[in-house]
Structures are given as structure tokens and as C-alpha cells.
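File shown here: final_22.cif, holding mmCIF, C-alpha atoms and all ligand atoms.
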```cif
data_entry
#
loop_
_atom_site.group_PDB
_atom_site.id
_atom_site.type_symbol
_atom_site.label_atom_id
_atom_site.label_comp_id
_atom_site.auth_asym_id
_atom_site.auth_seq_id
_atom_site.Cartn_x
_atom_site.Cartn_y
_atom_site.Cartn_z
ATOM 1 C CA MET X 944 69.263 132.345 119.613
ATOM 2 C CA ALA X 945 67.172 130.105 121.916
ATOM 3 C CA LYS X 946 66.359 131.529 125.322
ATOM 4 C CA ILE X 947 68.089 129.590 128.175
ATOM 5 C CA ARG X 948 66.243 129.261 131.486
ATOM 6 C CA TYR X 949 68.063 128.818 134.784
ATOM 7 C CA THR X 950 67.153 127.277 138.163
ATOM 8 C CA TYR X 951 68.872 127.725 141.585
ATOM 9 C CA ASN X 952 70.588 124.583 142.866
ATOM 10 C CA ALA X 953 70.704 124.768 146.721
ATOM 11 C CA GLU X 954 73.226 121.966 146.959
ATOM 12 C CA SER X 955 75.747 123.552 144.642
ATOM 13 C CA CYS X 956 74.599 127.107 145.522
ATOM 14 C CA LYS X 957 74.597 127.875 141.784
ATOM 15 C CA TYR X 958 72.221 128.818 139.072
ATOM 16 C CA GLU X 959 72.149 126.044 136.592
ATOM 17 C CA PRO X 960 70.507 125.926 133.134
ATOM 18 C CA ILE X 961 67.279 123.940 132.958
ATOM 19 C CA VAL X 962 67.679 121.017 130.671
ATOM 20 C CA ILE X 963 64.387 119.553 129.287
ATOM 21 C CA SER X 964 64.668 115.996 128.201
ATOM 22 C CA PRO X 965 63.133 114.961 124.828
ATOM 23 C CA LYS X 966 60.691 112.758 126.715
ATOM 24 C CA ILE X 967 59.325 115.659 128.765
ATOM 25 C CA ALA X 968 59.212 117.898 125.664
ATOM 26 C CA GLY X 969 57.259 115.175 123.807
ATOM 27 C CA ARG X 970 54.758 114.914 126.673
ATOM 28 C CA ARG X 971 54.263 118.647 126.769
ATOM 29 C CA MET X 972 53.743 118.724 123.015
ATOM 30 C CA LEU X 973 51.143 115.993 123.231
ATOM 31 C CA ALA X 974 49.368 117.805 126.074
ATOM 32 C CA PHE X 975 49.342 121.019 124.037
ATOM 33 C CA LEU X 976 47.954 119.279 120.978
ATOM 34 C CA GLY X 977 45.338 117.493 123.082
ATOM 35 C CA ILE X 978 44.092 120.719 124.633
ATOM 36 C CA SER X 979 44.075 122.442 121.243
ATOM 37 C CA PHE X 980 42.048 119.593 119.819
ATOM 38 C CA VAL X 981 39.479 119.773 122.617
ATOM 39 C CA ILE X 982 39.144 123.560 122.246
ATOM 40 C CA GLY X 983 38.825 123.222 118.446
ATOM 41 C CA LEU X 984 36.213 120.502 118.793
ATOM 42 C CA ALA X 985 34.202 122.587 121.243
ATOM 43 C CA GLY X 986 34.343 125.534 118.831
ATOM 44 C CA LEU X 987 33.222 123.364 115.972
ATOM 45 C CA VAL X 988 30.284 121.999 117.936
ATOM 46 C CA TYR X 989 29.350 125.512 118.981
ATOM 47 C CA PHE X 990 29.477 126.953 115.441
ATOM 48 C CA ASN X 991 27.699 123.933 113.991
ATOM 49 C CA TYR X 992 24.957 124.584 116.464
ATOM 50 C CA LYS X 993 24.908 128.336 115.877
ATOM 51 C CA TYR X 994 25.333 128.714 112.071
ATOM 52 C CA PRO X 995 22.703 126.313 110.723
ATOM 53 C CA TYR X 996 20.174 128.355 112.596
ATOM 54 C CA ILE X 997 21.322 131.565 110.829
ATOM 55 C CA ASP X 998 21.263 129.805 107.463
ATOM 56 C CA GLU X 999 17.726 128.613 108.030
ATOM 57 C CA THR X 1000 16.587 132.101 108.990
ATOM 58 C CA LEU X 1001 18.150 133.555 105.871
ATOM 59 C CA GLN X 1002 16.666 130.775 103.774
ATOM 60 C CA GLU X 1003 13.218 131.335 105.215
ATOM 61 C CA ALA X 1004 13.406 135.059 104.476
ATOM 62 C CA LYS X 1005 14.523 134.254 100.949
ATOM 63 C CA ASN X 1006 11.645 131.795 100.536
ATOM 64 C CA GLU X 1007 9.128 134.402 101.650
ATOM 65 C CA ASN X 1008 10.474 136.815 99.032
ATOM 66 C CA LEU X 1009 10.279 134.137 96.396
ATOM 67 C CA LYS X 1010 6.703 133.264 97.367
ATOM 68 C CA THR X 1011 5.685 136.925 96.998
ATOM 69 C CA GLU X 1012 7.387 137.091 93.604
ATOM 70 C CA TRP X 1013 5.612 133.897 92.507
ATOM 71 C CA LYS X 1014 2.274 135.340 93.560
ATOM 72 C CA VAL X 1015 2.944 138.426 91.400
ATOM 73 C CA LEU X 1016 3.965 136.190 88.506
ATOM 74 C CA TYR X 1017 0.819 134.033 88.829
ATOM 75 C CA LYS X 1018 -1.353 137.134 88.958
ATOM 76 C CA GLN X 1019 0.230 138.400 85.764
ATOM 77 C CA LEU X 1020 -0.268 135.032 84.082
ATOM 78 C CA ASP X 1021 -3.918 135.007 85.181
ATOM 79 C CA ARG X 1022 -4.458 138.544 83.903
ATOM 80 C CA THR X 1023 -2.895 137.691 80.529
ATOM 81 C CA SER X 1024 -5.016 134.559 80.333
ATOM 82 C CA SER X 1025 -8.213 136.568 81.041
ATOM 83 C CA GLN X 1026 -7.349 139.153 78.388
ATOM 84 C CA LEU X 1027 -6.688 136.374 75.904
ATOM 85 C CA SER X 1028 -10.016 134.731 76.788
ATOM 86 C CA ALA X 1029 -11.816 138.008 76.028
ATOM 87 C CA LEU X 1030 -10.084 138.193 72.652
ATOM 88 C CA GLU X 1031 -10.990 134.562 71.881
ATOM 89 C CA HIS X 1032 -14.594 135.243 72.877
ATOM 90 C CA ASN X 1033 -14.783 138.275 70.550
ATOM 91 C CA ASP X 1034 -13.220 136.252 67.778
ATOM 92 C CA ASP X 1035 -15.740 133.399 68.099
ATOM 93 C CA LYS X 1036 -18.902 135.319 68.969
ATOM 94 C CA ASN X 1037 -18.460 138.490 66.915
ATOM 95 C CA TYR X 1038 -15.850 138.487 64.167
ATOM 96 C CA ARG X 1039 -16.516 134.937 62.976
ATOM 97 C CA VAL X 1040 -20.287 135.436 63.055
ATOM 98 C CA ILE X 1041 -20.008 138.632 60.955
ATOM 99 C CA LEU X 1042 -17.804 136.862 58.414
ATOM 100 C CA ASP X 1043 -19.908 133.641 58.309
ATOM 101 C CA LEU X 1044 -17.078 131.534 59.747
ATOM 102 C CA GLU X 1045 -17.508 128.673 62.213
ATOM 103 C CA PRO X 1046 -16.110 129.362 65.719
ATOM 104 C CA LEU X 1047 -12.933 127.473 66.652
ATOM 105 C CA ASP X 1048 -13.702 124.608 69.034
ATOM 106 C CA GLN X 1049 -11.818 124.164 72.298
ATOM 107 C CA SER X 1050 -9.733 121.224 71.021
ATOM 108 C CA GLN X 1051 -8.386 123.443 68.200
ATOM 109 C CA ARG X 1052 -7.549 126.174 70.657
ATOM 110 C CA GLU X 1053 -5.696 123.751 72.979
ATOM 111 C CA ALA X 1054 -3.884 121.829 70.242
ATOM 112 C CA GLY X 1055 -0.240 121.017 71.129
ATOM 113 C CA VAL X 1056 -0.433 121.827 74.841
ATOM 114 C CA GLY X 1057 0.024 118.174 75.977
ATOM 115 C CA GLY X 1058 3.498 117.938 74.424
ATOM 116 C CA ARG X 1059 4.721 120.930 76.388
ATOM 117 C CA GLU X 1060 3.343 119.504 79.632
ATOM 118 C CA LYS X 1061 5.560 116.460 79.044
ATOM 119 C CA GLU X 1062 8.492 118.719 78.332
ATOM 120 C CA SER X 1063 7.953 120.401 81.703
ATOM 121 C CA GLU X 1064 8.444 117.102 83.572
ATOM 122 C CA THR X 1065 12.189 117.697 83.332
ATOM 123 C CA ILE X 1066 11.757 120.834 85.474
ATOM 124 C CA PRO X 1067 12.126 119.753 89.120
ATOM 125 C CA TYR X 1068 10.563 122.484 91.220
ATOM 126 C CA SER X 1069 6.762 122.306 91.186
ATOM 127 C CA LEU X 1070 6.075 126.065 91.368
ATOM 128 C CA ILE X 1071 8.320 126.700 88.374
ATOM 129 C CA ARG X 1072 6.783 123.741 86.526
ATOM 130 C CA THR X 1073 3.240 125.019 87.129
ATOM 131 C CA ALA X 1074 4.160 128.495 85.918
ATOM 132 C CA TYR X 1075 5.967 127.006 82.919
ATOM 133 C CA ILE X 1076 2.920 124.955 81.924
ATOM 134 C CA GLN X 1077 0.631 127.948 82.355
ATOM 135 C CA SER X 1078 2.859 130.257 80.308
ATOM 136 C CA GLU X 1079 3.209 127.615 77.582
ATOM 137 C CA LYS X 1080 -0.582 127.255 77.441
ATOM 138 C CA ILE X 1081 -0.942 131.007 77.024
ATOM 139 C CA LYS X 1082 1.760 131.041 74.353
ATOM 140 C CA ASN X 1083 -0.005 128.233 72.515
ATOM 141 C CA ARG X 1084 -3.391 129.964 72.731
ATOM 142 C CA LEU X 1085 -1.755 133.146 71.431
ATOM 143 C CA ASP X 1086 -0.297 131.260 68.450
ATOM 144 C CA ILE X 1087 -3.735 129.798 67.646
ATOM 145 C CA GLU X 1088 -5.409 133.204 68.089
ATOM 146 C CA ALA X 1089 -2.824 134.864 65.822
ATOM 147 C CA GLN X 1090 -3.584 132.249 63.135
ATOM 148 C CA SER X 1091 -7.296 132.775 63.663
ATOM 149 C CA LEU X 1092 -6.973 136.562 63.285
ATOM 150 C CA GLN X 1093 -4.956 136.054 60.097
ATOM 151 C CA GLN X 1094 -7.743 133.805 58.774
ATOM 152 C CA LEU X 1095 -10.274 136.532 59.668
ATOM 153 C CA MET X 1096 -8.171 139.155 57.853
ATOM 154 C CA ASP X 1097 -7.956 136.947 54.738
ATOM 155 C CA GLU X 1098 -11.698 136.300 54.862
ATOM 156 C CA LEU X 1099 -12.415 139.997 55.350
ATOM 157 C CA ALA X 1100 -10.267 140.871 52.317
ATOM 158 C CA LYS X 1101 -12.224 138.294 50.253
ATOM 159 C CA LYS X 1102 -15.575 139.645 51.482
ATOM 160 C CA GLU X 1103 -14.508 143.240 50.848
ATOM 161 C CA LYS X 1104 -13.639 142.296 47.273
ATOM 162 C CA MET X 1105 -16.998 140.540 46.923
ATOM 163 C CA TRP X 1106 -18.945 143.455 48.452
ATOM 164 C CA ALA X 1107 -17.125 145.933 46.216
ATOM 165 C CA SER X 1108 -17.979 143.808 43.188
ATOM 166 C CA ARG X 1109 -21.676 143.416 43.975
ATOM 167 C CA PRO X 1110 -23.913 145.847 41.977
ATOM 168 C CA ALA X 1111 -25.112 148.173 44.745
ATOM 169 C CA ILE X 1112 -25.856 151.665 43.444
ATOM 170 C CA GLN X 1113 -28.090 153.215 40.786
ATOM 171 C CA PRO X 1114 -26.373 153.555 37.397
ATOM 172 C CA ILE X 1115 -27.274 157.253 37.017
ATOM 173 C CA ASN X 1116 -27.563 160.154 39.439
ATOM 174 C CA ASN X 1117 -31.098 159.790 40.825
ATOM 175 C CA LYS X 1118 -30.975 161.715 44.084
ATOM 176 C CA ASP X 1119 -34.412 163.244 43.544
ATOM 177 C CA LEU X 1120 -35.786 159.744 42.761
ATOM 178 C CA VAL X 1121 -37.740 160.844 39.685
ATOM 179 C CA HIS X 1122 -35.710 159.140 36.970
ATOM 180 C CA LEU X 1123 -36.961 155.551 37.201
ATOM 181 C CA HIS X 1124 -39.433 155.219 34.332
ATOM 182 C CA THR X 1125 -40.161 151.512 34.261
ATOM 183 C CA ILE X 1126 -39.509 148.663 36.640
ATOM 184 C CA PHE X 1127 -38.690 145.020 35.946
ATOM 185 C CA GLY X 1128 -41.430 142.683 34.602
ATOM 186 C CA LEU X 1129 -43.984 142.498 31.819
ATOM 187 C CA ARG X 1130 -44.154 145.804 29.948
ATOM 188 C CA MET X 1131 -45.626 147.083 26.709
ATOM 189 C CA HIS X 1132 -42.850 147.501 24.152
ATOM 190 C CA PRO X 1133 -43.102 150.988 22.599
ATOM 191 C CA LEU X 1134 -42.055 149.884 19.108
ATOM 192 C CA LEU X 1135 -43.328 146.302 18.912
ATOM 193 C CA GLY X 1136 -46.674 147.273 20.418
ATOM 194 C CA TYR X 1137 -47.206 144.220 22.607
ATOM 195 C CA VAL X 1138 -46.479 143.186 26.193
ATOM 196 C CA ARG X 1139 -43.276 141.253 26.789
ATOM 197 C CA PRO X 1140 -40.814 140.701 29.630
ATOM 198 C CA HIS X 1141 -38.748 143.796 30.314
ATOM 199 C CA ASN X 1142 -35.519 142.424 31.787
ATOM 200 C CA GLY X 1143 -34.265 145.587 33.422
ATOM 201 C CA LEU X 1144 -35.013 149.107 34.572
ATOM 202 C CA ASP X 1145 -35.401 152.192 32.364
ATOM 203 C CA PHE X 1146 -34.033 155.441 33.798
ATOM 204 C CA THR X 1147 -34.914 158.661 32.022
ATOM 205 C CA ALA X 1148 -32.191 161.323 32.033
ATOM 206 C CA PRO X 1149 -31.032 164.144 29.792
ATOM 207 C CA LEU X 1150 -28.923 163.076 26.850
ATOM 208 C CA GLY X 1151 -25.273 162.929 27.849
ATOM 209 C CA SER X 1152 -25.855 162.316 31.605
ATOM 210 C CA PRO X 1153 -23.047 160.159 33.022
ATOM 211 C CA VAL X 1154 -23.618 156.425 33.479
ATOM 212 C CA TYR X 1155 -21.861 154.750 36.409
ATOM 213 C CA ALA X 1156 -20.567 151.200 36.916
ATOM 214 C CA THR X 1157 -22.653 149.856 39.806
ATOM 215 C CA GLY X 1158 -19.905 147.564 41.174
ATOM 216 C CA ASP X 1159 -16.215 146.705 40.612
ATOM 217 C CA GLY X 1160 -15.608 144.391 37.688
ATOM 218 C CA ARG X 1161 -14.154 143.776 34.254
ATOM 219 C CA VAL X 1162 -15.775 145.110 31.079
ATOM 220 C CA SER X 1163 -16.636 141.993 29.104
ATOM 221 C CA THR X 1164 -18.405 143.763 26.210
ATOM 222 C CA ALA X 1165 -18.353 147.341 24.899
ATOM 223 C CA GLN X 1166 -19.961 147.521 21.478
ATOM 224 C CA ARG X 1167 -22.739 148.875 19.309
ATOM 225 C CA SER X 1168 -25.673 146.468 18.834
ATOM 226 C CA ASP X 1169 -28.862 146.840 16.758
ATOM 227 C CA THR X 1170 -31.168 146.428 19.752
ATOM 228 C CA TYR X 1171 -29.118 147.633 22.762
ATOM 229 C CA GLY X 1172 -27.397 150.411 20.803
ATOM 230 C CA ASN X 1173 -24.124 151.402 22.475
ATOM 231 C CA VAL X 1174 -23.930 148.897 25.276
ATOM 232 C CA VAL X 1175 -21.464 147.877 28.000
ATOM 233 C CA TYR X 1176 -21.482 144.571 29.908
ATOM 234 C CA ILE X 1177 -19.552 144.325 33.178
ATOM 235 C CA ASP X 1178 -18.567 140.957 34.629
ATOM 236 C CA HIS X 1179 -18.479 141.416 38.449
ATOM 237 C CA GLY X 1180 -17.399 137.860 39.251
ATOM 238 C CA TYR X 1181 -19.341 135.728 41.712
ATOM 239 C CA HIS X 1182 -21.816 135.032 38.801
ATOM 240 C CA PHE X 1183 -22.959 138.674 38.544
ATOM 241 C CA GLU X 1184 -23.139 140.719 35.332
ATOM 242 C CA THR X 1185 -24.624 144.167 34.618
ATOM 243 C CA ARG X 1186 -25.617 145.706 31.271
ATOM 244 C CA TYR X 1187 -25.942 149.389 30.333
ATOM 245 C CA ALA X 1188 -27.796 149.972 27.043
ATOM 246 C CA HIS X 1189 -28.774 152.722 24.534
ATOM 247 C CA MET X 1190 -25.896 155.015 25.547
ATOM 248 C CA THR X 1191 -24.908 157.850 23.262
ATOM 249 C CA ARG X 1192 -21.346 156.599 23.702
ATOM 250 C CA TYR X 1193 -19.233 154.489 26.005
ATOM 251 C CA ILE X 1194 -15.737 155.368 27.238
ATOM 252 C CA VAL X 1195 -14.450 151.954 28.374
ATOM 253 C CA ASN X 1196 -13.094 149.013 26.386
ATOM 254 C CA ALA X 1197 -13.563 145.266 26.698
ATOM 255 C CA GLY X 1198 -11.042 143.811 29.161
ATOM 256 C CA GLU X 1199 -10.782 147.012 31.198
ATOM 257 C CA PHE X 1200 -11.279 146.886 34.971
ATOM 258 C CA VAL X 1201 -13.693 149.435 36.430
ATOM 259 C CA LYS X 1202 -14.587 150.515 39.979
ATOM 260 C CA ARG X 1203 -18.025 151.150 41.432
ATOM 261 C CA GLY X 1204 -19.072 154.726 40.626
ATOM 262 C CA GLN X 1205 -16.702 155.057 37.657
ATOM 263 C CA VAL X 1206 -18.236 156.734 34.573
ATOM 264 C CA ILE X 1207 -18.411 154.198 31.744
ATOM 265 C CA GLY X 1208 -20.476 156.178 29.220
ATOM 266 C CA TYR X 1209 -23.331 158.677 28.706
ATOM 267 C CA VAL X 1210 -27.089 158.417 28.425
ATOM 268 C CA GLY X 1211 -28.303 158.232 24.840
ATOM 269 C CA ASN X 1212 -31.042 157.052 22.508
ATOM 270 C CA THR X 1213 -29.309 154.426 20.395
ATOM 271 C CA GLY X 1214 -30.663 150.977 19.345
ATOM 272 C CA THR X 1215 -34.378 150.152 19.726
ATOM 273 C CA SER X 1216 -35.094 153.116 22.022
ATOM 274 C CA VAL X 1217 -37.781 155.784 21.712
ATOM 275 C CA SER X 1218 -36.218 158.492 23.893
ATOM 276 C CA ALA X 1219 -33.057 159.327 25.850
ATOM 277 C CA HIS X 1220 -32.803 156.841 28.684
ATOM 278 C CA LEU X 1221 -30.611 154.168 30.238
ATOM 279 C CA HIS X 1222 -31.739 150.560 30.141
ATOM 280 C CA TYR X 1223 -30.017 148.732 33.040
ATOM 281 C CA GLU X 1224 -29.933 144.974 33.666
ATOM 282 C CA VAL X 1225 -28.511 142.739 36.400
ATOM 283 C CA HIS X 1226 -27.857 139.053 35.630
ATOM 284 C CA TYR X 1227 -27.089 136.339 38.138
ATOM 285 C CA LYS X 1228 -25.936 132.960 36.812
ATOM 286 C CA ASN X 1229 -26.997 134.103 33.311
ATOM 287 C CA GLN X 1230 -30.544 134.923 34.425
ATOM 288 C CA ALA X 1231 -31.908 138.482 34.375
ATOM 289 C CA ILE X 1232 -33.029 139.472 37.871
ATOM 290 C CA ASN X 1233 -34.706 142.595 39.225
ATOM 291 C CA PRO X 1234 -32.021 145.294 39.681
ATOM 292 C CA ILE X 1235 -34.172 147.226 42.129
ATOM 293 C CA ASN X 1236 -33.294 144.685 44.854
ATOM 294 C CA PHE X 1237 -29.702 145.916 44.721
ATOM 295 C CA PHE X 1238 -30.429 149.518 45.638
ATOM 296 C CA GLN X 1239 -31.638 148.811 49.186
ATOM 297 C CA ARG X 1240 -28.239 149.457 50.735
ATOM 298 C CA ASP X 1241 -27.965 152.729 48.821
ATOM 299 C CA LEU X 1242 -31.396 154.037 49.905
ATOM 300 C CA ASN X 1243 -33.367 154.249 53.110
ATOM 301 C CA ASN X 1244 -36.780 152.542 53.323
ATOM 302 C CA LYS X 1245 -38.772 155.670 52.327
ATOM 303 C CA GLU X 1246 -36.527 156.394 49.356
ATOM 304 C CA TYR X 1247 -36.756 152.775 48.277
ATOM 305 C CA GLU X 1248 -40.576 152.813 48.451
ATOM 306 C CA LYS X 1249 -40.700 156.059 46.490
ATOM 307 C CA LEU X 1250 -38.410 154.622 43.807
ATOM 308 C CA ILE X 1251 -40.741 151.640 43.344
ATOM 309 C CA GLU X 1252 -43.807 153.893 43.318
ATOM 310 C CA VAL X 1253 -42.318 156.148 40.622
ATOM 311 C CA GLY X 1254 -41.130 153.208 38.545
ATOM 312 C CA SER X 1255 -44.507 151.459 38.703
ATOM 313 C CA LYS X 1256 -46.460 154.305 37.087
ATOM 314 C CA SER X 1257 -45.600 153.539 33.490
ATOM 315 C CA VAL X 1258 -46.673 150.269 31.893
ATOM 316 C CA THR X 1259 -44.705 151.027 28.746
ATOM 317 C CA SER X 1260 -40.987 150.629 28.571
ATOM 318 C CA LEU X 1261 -38.717 152.903 26.552
ATOM 319 C CA ASP X 1262 -37.027 150.100 24.584
HETATM 320 ZN ZN ZN T 1301 -35.554 148.971 29.135
#
```
Rewrite the coordinates I just gave you, this time as C-alpha cells.
Amino acid sequence: MAKIRYTYNAESCKYEPIVISPKIAGRRMLAFLGISFVIGLAGLVYFNYKYPYIDETLQEAKNENLKTEWKVLYKQLDRTSSQLSALEHNDDKNYRVILDLEPLDQSQREAGVGGREKESETIPYSLIRTAYIQSEKIKNRLDIEAQSLQQLMDELAKKEKMWASRPAIQPINNKDLVHLHTIFGLRMHPLLGYVRPHNGLDFTAPLGSPVYATGDGRVSTAQRSDTYGNVVYIDHGYHFETRYAHMTRYIVNAGEFVKRGQVIGYVGNTGTSVSAHLHYEVHYKNQAINPINFFQRDLNNKEYEKLIEVGSKSVTSLD
């Protein structure tokens, strides 16, 4: 129920209810709204003045944090880039040199970077764009380096196969270096009685001493011949072949794969031979070459000189 207000009427000596006309009520309402509007406007102006300042302060603090984080990020990118540069340097200056490969040139290492720079143009903020470009460059260099390392691994596997195939050891146990009887060159033939080219080395050894394959390869011949006696030929690939003659017997068959150091037979005196020995030949592109050149890696300089000295004493071969 609405509250009724009264006023004292002196003429009628009575309290009478106050009656507010709609006009006066309307005016009062308008006045109230007007004052409210002014107060609201003042508040708005005040807060508009006050709050942007707080926002800016917060924003500035946030920016400082972001700048610090960016610095950390850039440092990490720089460090990664330096580490990658060291790896690239090792690749070009060491690994590739050892494996006889050409170094990668800079254009190969930077291939594909331009496209990603274009891609980054869609990124609006410059700090992010710069970091994006830098990280993409590193990613690209890493891809190229990974490919390069794979190429090095493939090349190394090929070289390892080649090195394992190359004749590189003596075909009999000759640790005391006394078993080389005759070296490569013109030698008196013991049965024919005249000087002729001796296409290999003669190693003296007790009958039945093991004979070793001097490199990995495939046995191309294992047979008994009138001149070579029991003989084995090994095809090492890369145009190399070795021959092991006058054995008492061989224990490998044609077509068989052998490893360096594997026993293929035993010293004997078969074919045109005058005493128990191993006649050993190395062929390159179907030409007999001096096998002694292939022992250098197996011997030190003194041992190598002694081997030649011992082998040079006899002018007569044993076959
Ligand atoms: Zn010989």
C-alpha cells in the first residue's frame, strides 16, 4: 500500500493529504533522470581516464616478459645453428675428404629456404616471422645434413666392402718374416733352367701349413692343373684376382664366397714345383702385379724392408 503524506492546512486547521499532480511528478522524474545521467557520464569519463592507463601498464609488463622470452628463443636458435654449422664443417672438411667425396656447396645446403620465407609473409608479427624463418632455415639445413650423412654412410659401406675385398695380408703365417723365398720379377726357373718372368711370390713353409685368402671374394677356380698343381683363384671384384698354387689340397669350391684370413687350402708341392711352397699371385685388370705392394698395411716399415731383403736373396724360383 502506497505511503500517504500529509500537510497542515492553516486555513482549515486540518491535516490534508498531499496530492502530487502528474505534471509535477513528470518534472521530478525528468530531474532525477537528468542528474543520474550526469553522474553516470562523470563516472564514465573518470573510468575511461583511469582504466586505459592500467591496461597499458599491464600490457607493457606483458611485453617485457615476451621480449625476454623471445631473447631466450633467439639464443636457443643461434646455439642450434652454431652446433649445426660445426656438424656441417666436419662433414665437408673431414668425413667427405676421408671418403673422397666433394663437399656440398652452400647453394645445396640452402636449397628450398626461399619458399619458406614466402610462406612466412602470411605471419603478421615481425618477431614471430623472423623466428619462423630462422627455425625453418635450421630445419632445412638439418634435412640436407641428414641426407648428407646418409650418403656418407652409404659411401662408407661401399668403401668398407672394397677395403675388405682388397688383397691385404700375406697368404701364409709369416710372422718371423723368413718364409718369402723369391720376389716378383725375372727369376731362374728351377726345372726349365732359364730366366723368365716370375709372376708372383714364393713362400716356403712346411707341407700342410694353412693358406689364407688375402681378401674377401668369390672362388672363381678351384682345380688341379699340370703347372699350378692344386690351385685356387679368388675374384675380389674391383678388377682384383689372387691365385694360390701348388697346394697339397684345397678346401673351397668354385662359386664359394670367402673372407680375408679364411683357410682355403694347405701348402704342398704339386704341379711344376721343386719343393713345398706356396706360389701367390695378384692380378689387376688381368695383369700380374707385384703382390708385395699389398702387404704394406699389414707390416710396419722395418718388417716390410726385411721381407723384401729376405725375398731378394734367391734368384731361383721354386716353380
Ligand atoms: Zn712361384
Next on the checklist: Could you list, as a PyMOL selection string, all protein and nucleic acid residues with an atom at most 7 Å from ligand ZN 1301 (chain T), counting all atoms listed in the file?
Outcome noted: chain X and resi 1141+1143-1145+1222-1223+1260-1262
Checklist entry - Got a sec to resolve the PyMOL selection byres (((chain X and resi 1012-1028) around 12) and not hetatm) on this structure and send the residues as a PyMOL selection string? => result chain X and resi 1005-1011+1029-1036+1049+1052+1069-1089
Item to check | Gly1128 (chain X) environment, 12 Å, only C-alpha atoms, sequence neighbours closer than 5 positions dropped, as a ChimeraX atom specification | outcome: /X:1138-1145,1224,1231-1235,1254-1255,1257-1260
Checklist entry - Which neighbours of Tyr949 (chain X) fall inside 12 Å, counting all atoms listed in the file, when residues of the same chain fewer than 4 positions from it are skipped, and could you give them as a ChimeraX atom specification? => result /X:957-963
Checklist entry - In Å, how far is it from CA of Glu954 (chain X) to CA of Ala968 (chain X)? => result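 A separation of 25.8 Å between them.
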Item to check | Picked residues, the PyMOL selection byres (((chain X and resi 1184) around 12) and not hetatm), expected as number ranges by chain | outcome: X: 1108-1110, 1156-1164, 1175-1183, 1185-1187, 1223-1232, 1234
Item to check | Nearest residue to His1132 (chain X) from the set X:Ser1216, X:Arg948, X:Gly983, X:Arg1039 (distances using only C-alpha atoms) | outcome: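 Of all the options, X:Ser1216 lies closest to His1132 (chain X).
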Next on the checklist: Once the PyMOL selection byres (((chain X and resi 1252) around 12) and not hetatm) has been evaluated on this model, what residues remain selected, and can you format them as a count of residues only?
Outcome noted: 20
Checklist entry - Between CA of Gly1204 (chain X) and CA of Ser1152 (chain X), what is the spacing in Å? => result 13.6 Å
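Counting all atoms listed in the file and comparing X:Gly977, X:Phe990, X:Ala1148, X:Val1195, the residue that lies closest to Asn1212 (chain X) is X:Ala1148.
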